[in-house]
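Here the structure is laid out as structure tokens; the discussion comes afterwards.
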Amino acid sequence: MSGNPVGIDNTSRRKFDKEEYLERARQREQREKEEARKGKERGPPVQRQPLKHRDYEVDLESRLGKTQVVTPIAPLNQQAGYYCSVCECVVKDSANYLDHINGKKHQRALGMSMRVERASLEQVQKRFEALKKRKDPSTFTEQDLDERIMKQQQEEEERKRQRKEKKKEKKVSAARQPDACMQIERTGSPTRARRCRP
Ligand SMILES: [Zn+2]
């Protein structure tokens with residue numbers, strides 16, 4: 001005799017245990033509430049400063065036309081491309097570099113959000129005045145000259161400092177070089193440079 005008698009419903013229909021699922025839903029709701037409360041306890045989200053304009057010149061051309069030996073084991077700032085010391089990454093060309101330093105990730109690393117502060121009427125008027133002064137050489141005062149000289153001196157000092165740092169880095173990397181070469185011989189594959197997206 002066959003085990004399945006004819007005419008009797010032998011397909012099992014899934015029946016939901018309403019009680020059980022109600023209980024599960026309640027537990028889930030409670031869990032979500034607790035998580036939300038925990039999120040609130042962490043405090044308000046970090047308030048970053050509004051976006052500010054750059055007060056330095058972007059250096060895109062100082063290494064233009066120069067020849068340099070590029071090895072994959074060199075420190076990031078001596079590799080081909082534009083190095084961002086804030087994010088410690090190398091960007092391959094000037095357009096991408098500009099995108100990077102204007103980008104969200106870089107600004108965040110500098111402690112700024114992408115929001116721009118709303119300028120007041122006074123600020124706008126001041127700005128216009130400053131721009132007018134710059135255009136019109138007849139209203140050039142001694143104070144302006146002093147300011148310019150000061151700025152130039154600061155820039156010169158900054159350049160000197162950077163040159164000094166570069167020298168130091170060169171010394172350090174020269175001291176490290178033999179080690180790095182050994183490593184390549186052993187592993188056979190040089191480490192690749194970390195790339196950064198804008
Ligand atoms: Zn950066």
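Letters A, B, ... mark the chains of the structure tokens in the order given; residue numbers begin at 1 per chain; ligand numbers begin at 1, in order shown.
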For this session: List all protein, DNA and RNA residues that have an atom no more than 9 Å from any atom of ligand 1, counting only C-alpha atoms and all ligand atoms, and report them as a list in words.
Result: Tyr83, Cys84, Ser85, Val86, Cys87, Glu88, Cys89, Val90, Tyr97, His100, Ile101, Asn102, Gly103, Lys105, His106, Gln107, Ala109, Leu110, Cys196 and Pro198 of chain A
For this session: Taking the DSSP assignment computed from this structure's backbone, write out as a VMD selection string all residues of region 26-169 of chain A that belong to alpha helix (DSSP H).
Result: chain A and resid 26 to 41 94 to 101 104 to 109 121 to 135 142 to 169
For this session: Work out how far CA of Arg108 (chain A) is from CA of Pro50 (chain A), in Å to one decimal.
Result: 10.4 Å
For this session: Tell me, in Å to one decimal, how far CA of Lys168 (chain A) is from CA of Asp99 (chain A).
Result: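 Answer for the CA of Lys168 (chain A) to CA of Asp99 (chain A) separation: 29.5 Å.
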For this session: Please return as a PyMOL selection string: the residues of region 9-196 of chain A that backbone DSSP assigns to strand (DSSP E).
Result: chain A and resi 49-51+82-84+89-91+112-116
Preceding selection exported with C-alpha atoms as a short mmCIF file (atom, residue, chain, number, x, y, z; two decimals), in the first residue's frame:
```
data_model
loop_
_atom_site.label_atom_id
_atom_site.label_comp_id
_atom_site.auth_asym_id
_atom_site.auth_seq_id
_atom_site.Cartn_x
_atom_site.Cartn_y
_atom_site.Cartn_z
CA GLN A 49 34.53 74.69 11.02
CA PRO A 50 33.01 76.24 7.94
CA LEU A 51 35.03 76.25 4.76
CA TYR A 82 51.62 65.53 -6.29
CA TYR A 83 52.02 64.65 -2.65
CA CYS A 84 49.50 65.75 -0.05
CA CYS A 89 48.83 60.37 -0.40
CA VAL A 90 50.07 60.91 -3.93
CA VAL A 91 47.84 62.24 -6.67
CA MET A 112 36.61 71.84 7.96
CA SER A 113 33.23 70.90 6.65
CA MET A 114 32.13 71.71 3.12
CA ARG A 115 29.64 74.29 4.34
CA VAL A 116 30.40 77.92 3.62
#
```
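Residues in contact with region 152-166 of chain A at 12 Å, where only C-alpha atoms are counted and same-chain residues fewer than 5 positions away are skipped, are listed as Asp55, Tyr56, Glu57, Asp59, Ser62, Pro75, Asn77, Gln78, Leu145, Asp146, Glu147, Lys171, Val172 and Ser173 of chain A.
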Exercise. Expressed in Å to a single decimal, how great is the separation between CA of Lys151 (chain A) and CA of Ser94 (chain A)?
Worked result: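 Between these atoms lies a distance of 25.6 Å.
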